[in-house]
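model-v6.txt, holding compact mmCIF, C-alpha atoms and all ligand atoms:
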# COMPACT_ATOMS: atom_id res chain seq x y z
CA MET A 128 14.59 8.28 11.30
CA THR A 129 15.55 4.62 11.51
CA ALA A 130 13.47 1.92 9.86
CA GLU A 131 11.85 1.12 13.24
CA ASP A 132 10.56 4.69 13.46
CA GLN A 133 8.72 4.44 10.14
CA LEU A 134 5.80 2.67 11.74
CA SER A 135 3.65 2.20 8.63
CA PHE A 136 6.10 -0.44 7.39
CA THR A 137 6.24 -2.45 10.63
CA ASP A 138 2.72 -1.94 12.04
CA ALA A 139 0.04 -1.05 9.51
CA TYR A 140 -2.46 -0.62 12.35
CA ALA A 141 -0.51 2.15 14.12
CA ARG A 142 -2.61 5.25 13.61
CA SER A 143 -0.95 7.74 15.93
CA THR A 144 2.33 8.41 17.70
CA VAL A 145 4.19 11.16 19.55
CA ALA A 146 7.24 12.58 17.77
CA ARG A 147 9.74 15.42 17.79
CA VAL A 148 10.47 17.71 14.89
CA ARG A 149 13.94 17.11 13.44
CA GLY A 150 13.79 19.86 10.84
CA ILE A 151 12.48 21.05 7.51
CA GLU A 152 13.79 19.75 4.19
CA GLN A 153 13.60 22.85 1.98
CA GLY A 154 12.06 22.41 -1.44
CA ASP A 155 8.77 22.73 -3.24
CA PRO A 156 6.90 21.84 -1.16
CA PRO A 157 9.02 22.01 2.03
CA LEU A 158 8.92 18.69 3.94
CA LEU A 159 8.67 18.40 7.71
CA ILE A 160 10.94 15.66 9.08
CA LEU A 161 10.05 13.99 12.41
CA ASP A 162 12.00 11.49 14.51
CA ARG A 163 9.18 8.95 14.03
CA THR A 164 5.93 8.80 12.12
CA VAL A 165 2.88 6.72 11.28
CA PHE A 166 2.50 8.28 7.82
CA TYR A 167 2.86 6.05 4.76
CA PRO A 168 4.86 8.00 2.15
CA GLY A 169 3.11 6.54 -0.90
CA GLY A 170 4.45 4.00 -3.37
CA GLY A 171 3.55 0.75 -5.11
CA GLY A 172 0.27 2.25 -6.31
CA GLN A 173 -0.87 3.16 -2.79
CA PRO A 174 -1.32 6.91 -2.17
CA ALA A 175 0.36 8.63 0.77
CA ASP A 176 -1.55 9.19 4.00
CA ARG A 177 -3.22 12.39 5.11
CA GLY A 178 -3.65 13.47 8.70
CA THR A 179 -2.93 16.02 11.40
CA LEU A 180 -0.22 17.22 13.76
CA LEU A 181 -0.97 18.65 17.20
CA ARG A 182 1.67 20.57 19.18
CA ALA A 183 1.50 19.58 22.83
CA SER A 184 2.80 22.91 24.21
CA ASP A 185 0.12 25.22 22.77
CA GLY A 186 -2.55 23.02 21.17
CA ARG A 187 -1.80 24.33 17.68
CA THR A 188 -2.70 21.96 14.82
CA TRP A 189 -1.58 21.45 11.23
CA THR A 190 -3.14 19.45 8.42
CA VAL A 191 -0.80 17.08 6.57
CA SER A 192 -2.00 16.80 2.97
CA SER A 193 0.57 14.22 1.86
CA ALA A 194 3.87 12.55 2.66
CA ARG A 195 6.76 11.33 0.57
CA LYS A 196 10.15 9.64 0.77
CA VAL A 197 13.08 12.02 0.83
CA GLY A 198 16.43 10.24 1.05
CA GLY A 199 15.84 7.62 3.74
CA GLU A 200 13.34 9.85 5.54
CA ILE A 201 9.59 10.37 5.36
CA GLY A 202 8.72 14.03 4.72
CA HIS A 203 5.33 15.52 5.64
CA VAL A 204 3.64 18.08 3.38
CA LEU A 205 1.81 20.72 5.44
CA ASP A 206 -1.37 22.29 4.12
CA GLY A 207 -1.40 26.07 3.72
CA ASP A 208 1.25 28.72 4.36
CA ALA A 209 1.02 28.91 8.14
CA GLU A 210 4.23 28.91 10.17
CA ALA A 211 5.53 25.34 10.49
CA PRO A 212 6.48 23.71 13.80
CA VAL A 213 10.17 24.08 14.64
CA GLU A 214 12.97 21.70 15.54
CA GLY A 215 12.43 20.10 18.93
CA ASP A 216 8.65 20.66 19.04
CA GLU A 217 6.76 17.67 20.41
CA LEU A 218 3.83 16.69 18.23
CA GLN A 219 0.95 14.25 18.37
CA VAL A 220 0.93 12.64 14.91
CA ASP A 221 -2.35 11.20 13.60
CA ILE A 222 -3.23 9.78 10.22
CA ASP A 223 -6.72 9.91 8.71
CA TRP A 224 -7.40 6.37 9.83
CA ALA A 225 -10.71 5.80 8.03
CA ARG A 226 -9.02 6.64 4.73
CA ARG A 227 -5.90 4.59 5.47
CA TYR A 228 -7.87 1.54 6.57
CA GLU A 229 -9.89 1.69 3.35
CA LEU A 230 -6.59 1.83 1.44
CA MET A 231 -5.28 -1.21 3.38
CA ARG A 232 -8.43 -3.18 2.49
CA THR A 233 -8.22 -2.05 -1.12
CA HIS A 234 -4.52 -2.92 -1.40
CA THR A 235 -5.02 -6.41 0.01
CA ALA A 236 -8.02 -6.92 -2.32
CA LEU A 237 -5.81 -6.07 -5.31
CA HIS A 238 -3.19 -8.61 -4.21
CA ALA A 239 -5.93 -11.24 -3.88
CA LEU A 240 -6.99 -10.40 -7.44
CA CYS A 241 -3.37 -10.85 -8.61
CA GLY A 242 -3.15 -14.19 -6.81
CA VAL A 243 -6.35 -15.52 -8.41
CA VAL A 244 -5.52 -14.26 -11.91
CA TRP A 245 -2.06 -15.84 -11.75
CA ARG A 246 -3.19 -19.14 -10.19
CA ASP A 247 -6.23 -19.74 -12.42
CA TYR A 248 -5.33 -17.96 -15.67
CA GLY A 249 -1.52 -17.76 -15.61
CA ALA A 250 -1.56 -14.00 -16.21
CA GLN A 251 1.14 -11.76 -14.77
CA VAL A 252 0.50 -8.38 -13.25
CA THR A 253 2.32 -5.42 -14.80
CA GLY A 254 1.10 -2.52 -12.68
CA GLY A 255 -1.69 -1.05 -10.64
CA ASN A 256 -3.09 1.89 -8.79
CA MET A 257 -5.69 2.61 -6.11
CA GLU A 258 -7.79 5.14 -4.28
CA PRO A 259 -9.66 4.37 -1.05
CA GLY A 260 -12.25 1.72 -1.95
CA LEU A 261 -11.33 1.28 -5.60
CA GLY A 262 -8.39 0.12 -7.63
CA ARG A 263 -7.16 -1.24 -10.92
CA MET A 264 -4.58 -3.78 -11.94
CA ASP A 265 -2.98 -4.30 -15.34
CA PHE A 266 -2.21 -7.83 -16.53
CA GLU A 267 -0.66 -9.60 -19.49
CA PHE A 268 -3.94 -11.44 -19.91
CA GLU A 269 -4.78 -12.08 -23.56
CA ARG A 270 -7.91 -14.16 -22.95
CA MET A 271 -9.51 -11.67 -20.51
CA GLY A 272 -13.01 -10.87 -21.68
CA GLY A 273 -16.44 -9.87 -20.38
CA GLU A 274 -17.42 -13.50 -19.80
CA LEU A 275 -14.69 -13.82 -17.15
CA VAL A 276 -15.76 -10.82 -15.04
CA ASP A 277 -18.30 -12.67 -12.87
CA GLU A 278 -16.06 -15.71 -12.54
CA ILE A 279 -13.04 -13.70 -11.38
CA GLU A 280 -15.17 -11.69 -8.96
CA ALA A 281 -16.61 -14.88 -7.42
CA LYS A 282 -13.17 -16.47 -7.10
CA VAL A 283 -11.66 -13.41 -5.42
CA ASN A 284 -14.59 -13.15 -3.01
CA ALA A 285 -14.24 -16.82 -2.10
CA GLU A 286 -10.55 -16.27 -1.28
CA LEU A 287 -11.31 -13.17 0.82
CA ALA A 288 -14.06 -15.02 2.71
CA SER A 289 -11.74 -17.91 3.51
CA ALA A 290 -9.97 -15.69 6.05
CA ARG A 291 -6.41 -16.05 4.80
CA GLU A 292 -3.71 -14.57 6.97
CA VAL A 293 -1.69 -11.70 5.46
CA ARG A 294 1.97 -11.63 6.53
CA VAL A 295 4.70 -9.03 6.20
CA ASN A 296 8.22 -10.46 5.88
CA VAL A 297 11.61 -8.86 5.36
CA LEU A 298 13.98 -11.25 3.58
CA PRO A 299 17.67 -11.03 2.70
CA ARG A 300 18.02 -10.20 -0.98
CA ASP A 301 19.50 -13.58 -2.00
CA GLU A 302 16.72 -15.50 -0.28
CA ALA A 303 14.02 -13.37 -1.91
CA PHE A 304 15.57 -13.74 -5.34
CA ALA A 305 15.37 -17.53 -5.04
CA ILE A 306 11.57 -17.56 -4.63
CA PRO A 307 9.78 -18.23 -7.95
CA ASP A 308 6.62 -16.31 -6.95
CA LEU A 309 8.70 -13.21 -6.36
CA ILE A 310 10.58 -13.52 -9.62
CA ARG A 311 7.28 -13.55 -11.52
CA THR A 312 6.35 -10.19 -9.98
CA LYS A 313 9.49 -8.65 -11.46
CA ILE A 314 11.55 -8.54 -8.29
CA ASN A 315 14.59 -8.59 -10.59
CA LEU A 316 13.88 -4.93 -11.35
CA LEU A 317 14.85 -3.93 -7.80
CA PRO A 318 18.01 -1.78 -7.72
CA PRO A 319 21.24 -3.70 -6.97
CA GLY A 320 21.98 -1.76 -3.74
CA ILE A 321 18.94 -3.09 -1.88
CA GLU A 322 19.97 -5.61 0.80
CA THR A 323 16.57 -6.75 2.00
CA VAL A 324 13.22 -7.25 0.32
CA ARG A 325 9.91 -6.64 2.08
CA THR A 326 7.22 -9.05 1.01
CA ILE A 327 3.47 -9.30 1.49
CA GLU A 328 2.14 -12.85 1.61
CA ILE A 329 -1.54 -13.74 1.47
CA VAL A 330 -0.89 -17.19 2.86
CA GLY A 331 -1.67 -19.85 0.29
CA LEU A 332 -2.64 -17.37 -2.44
CA ASP A 333 -0.15 -14.62 -3.29
CA LEU A 334 3.37 -13.44 -2.54
CA GLN A 335 4.80 -10.15 -3.77
CA ALA A 336 7.61 -7.74 -3.02
CA ASP A 337 5.68 -4.75 -1.72
CA GLY A 338 6.14 -1.68 0.46
CA GLY A 339 2.48 -0.97 1.15
CA THR A 340 0.14 -1.31 4.13
CA HIS A 341 -2.25 -4.27 4.30
CA VAL A 342 -4.91 -5.71 6.56
CA SER A 343 -3.76 -8.75 8.54
CA ASN A 344 -6.53 -11.09 7.35
CA THR A 345 -8.47 -11.19 4.09
CA ARG A 346 -11.81 -11.28 5.91
CA GLU A 347 -11.23 -7.60 6.83
CA VAL A 348 -11.53 -6.74 3.14
CA GLY A 349 -15.10 -8.01 2.89
CA ARG A 350 -16.32 -8.42 -0.69
CA ILE A 351 -15.24 -6.83 -3.94
CA ARG A 352 -17.01 -6.11 -7.20
CA VAL A 353 -15.26 -6.25 -10.57
CA THR A 354 -16.60 -3.05 -12.13
CA GLY A 355 -15.05 -3.45 -15.54
CA TYR A 356 -12.13 -4.27 -17.70
CA GLU A 357 -10.43 -2.54 -20.60
CA SER A 358 -8.12 -3.68 -23.34
CA LYS A 359 -4.83 -1.83 -23.48
CA GLY A 360 -3.81 -3.66 -26.62
CA ARG A 361 -4.23 -7.31 -27.56
CA ILE A 362 -2.44 -8.73 -24.53
CA ASN A 363 -2.60 -6.03 -21.87
CA LYS A 364 -5.86 -5.85 -19.93
CA ARG A 365 -6.90 -3.60 -17.07
CA ILE A 366 -9.31 -4.90 -14.43
CA ARG A 367 -11.13 -2.46 -12.13
CA ILE A 368 -12.54 -3.36 -8.72
CA THR A 369 -14.39 -1.62 -5.89
CA LEU A 370 -14.90 -2.71 -2.30
CA GLU A 371 -18.56 -3.60 -2.06
CA ASP A 372 -19.22 -1.41 0.98
CA ALA A 373 -17.02 1.49 -0.16
ZN ZN B 401 0.90 -4.01 -3.60

Show me the file's structure as C-alpha cells.
Ligand SMILES: [Zn+2]
Amino acid sequence: MTAEDQLSFTDAYARSTVARVRGIEQGDPPLLILDRTVFYPGGGGQPADRGTLLRASDGRTWTVSSARKVGGEIGHVLDGDAEAPVEGDELQVDIDWARRYELMRTHTALHALCGVVWRDYGAQVTGGNMEPGLGRMDFEFERMGGELVDEIEAKVNAELASAREVRVNVLPRDEAFAIPDLIRTKINLLPPGIETVRTIEIVGLDLQADGGTHVSNTREVGRIRVTGYESKGRINKRIRITLEDA
C-alpha cells in the first residue's frame, strides 16, 4: 500500500472505497492487508476506525473491529472467527462514518483547546486521548484552576465559531524543524529516519505535527463543554471536554 492508498491521511472525508485483498499478516490477531483503505489505524490519541467489508462476488460481509499500523501497511482486525477473505478478493470497504466524523470533530476540538491554552496561558501540551465526542488533554499548566474552566470554554467556543480553516500539510523534515510552533509540541522527539512531517494547522490558532483525521473547518465542531480538570501533580493538569451535542 503506498501512502496515496492510505486515504485517511490524505482525505479525512473518504468514507468508502473498493479494494483488493493483498494477504493476511499472521499474528494475534491476524491482520487483513488491502491494496487501499479508508481505515485510520489509530495513533496520536485518536482510536482506530471500525467498519465493514463487503465481498462483491457473493455479498458476504465482515465486521472490522479495529485497524493498526503493521510495517508501512494498515492491517484490519476482523471480528469473530469466520473464514477471512482471500488474496485477490474485491471488497467494498466502509468505515463507521458517524463514529469517525465524531472523532474528527473531537480531535479538532482538542487542537483548538491546545491553541487557546498555549496562546493565552503559555501552557504546553504533554499528551491526550479521545473517544467519539469526548477527550482529554494534559498540560504543563501550573495556574490551571476551577476559576479558569468557564473562561477557557468560552475562548475555545469563540475560536470554533469563528470558522477557522483546518489544513493538512506535509513538510520536509528540515522545514518542519525550523517552525517554532512545531518545536513547542515536541516535534524533536520524532525518530531520525522520518523524512517528512505531517502537520495539522488550525489557521491562525494552532499548528502541530499530527497523523490524525480532522474536520476541514472549526465550525463543523460546533461547541464544546469543559467538563472538568484534574491535577496530576503541581504542574501537570488534565482538562476534559465533551462536544456539546455528543
Ligand atoms: Zn492531534

Glu347 in chain A: which residues within 12 Å, counting all atoms listed in the file, same-chain residues fewer than 6 positions away excluded, as a PyMOL selection string?
chain A and resi 228-236+284+286-293+341+370+372

Close residues to ligand ZN 401 (chain B) using all atoms listed in the file, limit 12 Å, as a ChimeraX atom specification
/A:169-174,230-242,252-257,262-264,295,312,325-329,333-342

At what distance in Å, to one decimal, does CA of Thr144 in chain A lie from CA of Leu159 in chain A?
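Result for CA of Leu159 in chain A versus CA of Thr144 in chain A: 15.5 Å, one decimal.
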
Residues within 8 Å of Leu205 in chain A, please, as a PyMOL selection string. Count only C-alpha atoms; anything in the same chain fewer than 5 positions from it doesn't count.
chain A and resi 158-159+189-193+211

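Separating CA of Arg294 in chain A from CA of Thr345 in chain A is a distance of 10.7 Å.
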
Tell me, in Å to one decimal, how far CA of Ala225 in chain A is from CA of Val165 in chain A.
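Pair CA of Ala225 in chain A / CA of Val165 in chain A returns 14.0 Å.
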
Leu275 in chain A: which residues within 12 Å, counting all atoms listed in the file, same-chain residues fewer than 6 positions away excluded, as JSON, numbers by chain?
{"A": [244, 247, 248, 268, 269, 281, 282, 353, 355, 356, 366]}

Can you list, as a ChimeraX atom specification, every protein, DNA or RNA residue that comes within 9 Å of Ile160 in chain A when you count only C-alpha atoms, leaving out same-chain residues fewer than 4 positions away?
/A:128,147-152,200-203

Best match for closeness to Arg195 in chain A among A:Glu278, A:Asp176, A:Asp208, A:Glu322, counting only C-alpha atoms
A:Asp176

Nearest to Asp132 in chain A, chosen from A:Asp155, A:Glu210, A:Ala303, A:Leu161, with all atoms listed in the file counted in the distances:
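The shortest atom-to-atom distance to Asp132 in chain A comes from A:Leu161.
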
Proximity to Asp216 in chain A - best of A:Val243, A:Met271, A:Ala146, A:Val283, only C-alpha atoms
A:Ala146

Generate N, CA, C and O atoms for range 149-175 of chain A and emit them as an mmCIF file, in the frame of the given file.
data_model
loop_
_atom_site.group_PDB
_atom_site.id
_atom_site.type_symbol
_atom_site.label_atom_id
_atom_site.label_comp_id
_atom_site.auth_asym_id
_atom_site.auth_seq_id
_atom_site.Cartn_x
_atom_site.Cartn_y
_atom_site.Cartn_z
ATOM 1 N N ARG A 149 12.495 17.106 13.692
ATOM 2 C CA ARG A 149 13.940 17.110 13.440
ATOM 3 C C ARG A 149 14.358 18.257 12.548
ATOM 4 O O ARG A 149 15.495 18.696 12.603
ATOM 5 N N GLY A 150 13.445 18.728 11.704
ATOM 6 C CA GLY A 150 13.790 19.860 10.840
ATOM 7 C C GLY A 150 12.898 19.907 9.628
ATOM 8 O O GLY A 150 11.943 19.143 9.503
ATOM 9 N N ILE A 151 13.231 20.867 8.753
ATOM 10 C CA ILE A 151 12.480 21.050 7.510
ATOM 11 C C ILE A 151 13.433 20.807 6.351
ATOM 12 O O ILE A 151 14.526 21.358 6.329
ATOM 13 N N GLU A 152 13.030 19.961 5.417
ATOM 14 C CA GLU A 152 13.790 19.750 4.190
ATOM 15 C C GLU A 152 13.256 20.779 3.185
ATOM 16 O O GLU A 152 12.101 20.687 2.752
ATOM 17 N N GLN A 153 14.086 21.786 2.860
ATOM 18 C CA GLN A 153 13.600 22.850 1.980
ATOM 19 C C GLN A 153 13.370 22.313 0.580
ATOM 20 O O GLN A 153 14.074 21.409 0.133
ATOM 21 N N GLY A 154 12.383 22.851 -0.089
ATOM 22 C CA GLY A 154 12.060 22.410 -1.440
ATOM 23 C C GLY A 154 10.652 22.853 -1.762
ATOM 24 O O GLY A 154 10.076 23.641 -1.018
ATOM 25 N N ASP A 155 10.126 22.362 -2.854
ATOM 26 C CA ASP A 155 8.770 22.730 -3.240
ATOM 27 C C ASP A 155 7.935 21.461 -3.377
ATOM 28 O O ASP A 155 8.037 20.768 -4.381
ATOM 29 N N PRO A 156 7.126 21.095 -2.403
ATOM 30 C CA PRO A 156 6.900 21.840 -1.160
ATOM 31 C C PRO A 156 7.981 21.504 -0.121
ATOM 32 O O PRO A 156 8.645 20.479 -0.240
ATOM 33 N N PRO A 157 8.123 22.363 0.922
ATOM 34 C CA PRO A 157 9.020 22.010 2.030
ATOM 35 C C PRO A 157 8.454 20.777 2.750
ATOM 36 O O PRO A 157 7.236 20.593 2.794
ATOM 37 N N LEU A 158 9.352 19.941 3.282
ATOM 38 C CA LEU A 158 8.920 18.690 3.940
ATOM 39 C C LEU A 158 9.346 18.701 5.395
ATOM 40 O O LEU A 158 10.514 18.927 5.706
ATOM 41 N N LEU A 159 8.386 18.458 6.276
ATOM 42 C CA LEU A 159 8.670 18.400 7.710
ATOM 43 C C LEU A 159 9.167 16.995 8.055
ATOM 44 O O LEU A 159 8.501 16.001 7.766
ATOM 45 N N ILE A 160 10.341 16.944 8.706
ATOM 46 C CA ILE A 160 10.940 15.660 9.080
ATOM 47 C C ILE A 160 10.791 15.473 10.590
ATOM 48 O O ILE A 160 11.149 16.357 11.374
ATOM 49 N N LEU A 161 10.248 14.317 10.994
ATOM 50 C CA LEU A 161 10.050 13.990 12.410
ATOM 51 C C LEU A 161 10.993 12.848 12.799
ATOM 52 O O LEU A 161 11.567 12.189 11.932
ATOM 53 N N ASP A 162 11.129 12.614 14.115
ATOM 54 C CA ASP A 162 12.000 11.490 14.510
ATOM 55 C C ASP A 162 11.265 10.148 14.465
ATOM 56 O O ASP A 162 11.899 9.100 14.558
ATOM 57 N N ARG A 163 9.950 10.164 14.315
ATOM 58 C CA ARG A 163 9.180 8.950 14.030
ATOM 59 C C ARG A 163 7.840 9.352 13.435
ATOM 60 O O ARG A 163 7.399 10.482 13.627
ATOM 61 N N THR A 164 7.214 8.435 12.731
ATOM 62 C CA THR A 164 5.930 8.800 12.120
ATOM 63 C C THR A 164 5.108 7.567 11.800
ATOM 64 O O THR A 164 5.655 6.465 11.639
ATOM 65 N N VAL A 165 3.784 7.773 11.730
ATOM 66 C CA VAL A 165 2.880 6.720 11.280
ATOM 67 C C VAL A 165 2.450 6.917 9.829
ATOM 68 O O VAL A 165 1.711 6.107 9.283
ATOM 69 N N PHE A 166 2.912 8.002 9.212
ATOM 70 C CA PHE A 166 2.500 8.280 7.820
ATOM 71 C C PHE A 166 3.153 7.312 6.841
ATOM 72 O O PHE A 166 4.359 7.057 6.908
ATOM 73 N N TYR A 167 2.343 6.810 5.899
ATOM 74 C CA TYR A 167 2.860 6.050 4.760
ATOM 75 C C TYR A 167 3.205 7.049 3.653
ATOM 76 O O TYR A 167 2.388 7.907 3.317
ATOM 77 N N PRO A 168 4.417 6.956 3.090
ATOM 78 C CA PRO A 168 4.860 8.000 2.150
ATOM 79 C C PRO A 168 4.397 7.792 0.715
ATOM 80 O O PRO A 168 4.814 8.545 -0.170
ATOM 81 N N GLY A 169 3.542 6.812 0.470
ATOM 82 C CA GLY A 169 3.110 6.540 -0.900
ATOM 83 C C GLY A 169 4.085 5.610 -1.593
ATOM 84 O O GLY A 169 5.246 5.491 -1.197
ATOM 85 N N GLY A 170 3.603 4.914 -2.608
ATOM 86 C CA GLY A 170 4.450 4.000 -3.370
ATOM 87 C C GLY A 170 3.746 2.685 -3.646
ATOM 88 O O GLY A 170 2.822 2.307 -2.913
ATOM 89 N N GLY A 171 4.148 2.028 -4.740
ATOM 90 C CA GLY A 171 3.550 0.750 -5.110
ATOM 91 C C GLY A 171 2.070 0.874 -5.455
ATOM 92 O O GLY A 171 1.306 -0.079 -5.303
ATOM 93 N N GLY A 172 1.668 2.046 -5.931
ATOM 94 C CA GLY A 172 0.270 2.250 -6.310
ATOM 95 C C GLY A 172 -0.611 2.734 -5.169
ATOM 96 O O GLY A 172 -1.769 3.066 -5.385
ATOM 97 N N GLN A 173 -0.075 2.717 -3.946
ATOM 98 C CA GLN A 173 -0.870 3.160 -2.790
ATOM 99 C C GLN A 173 -0.549 4.632 -2.483
ATOM 100 O O GLN A 173 0.609 4.971 -2.267
ATOM 101 N N PRO A 174 -1.579 5.494 -2.452
ATOM 102 C CA PRO A 174 -1.320 6.910 -2.170
ATOM 103 C C PRO A 174 -0.816 7.125 -0.746
ATOM 104 O O PRO A 174 -1.065 6.316 0.154
ATOM 105 N N ALA A 175 -0.125 8.255 -0.554
ATOM 106 C CA ALA A 175 0.360 8.630 0.770
ATOM 107 C C ALA A 175 -0.814 8.953 1.694
ATOM 108 O O ALA A 175 -1.905 9.306 1.245
#
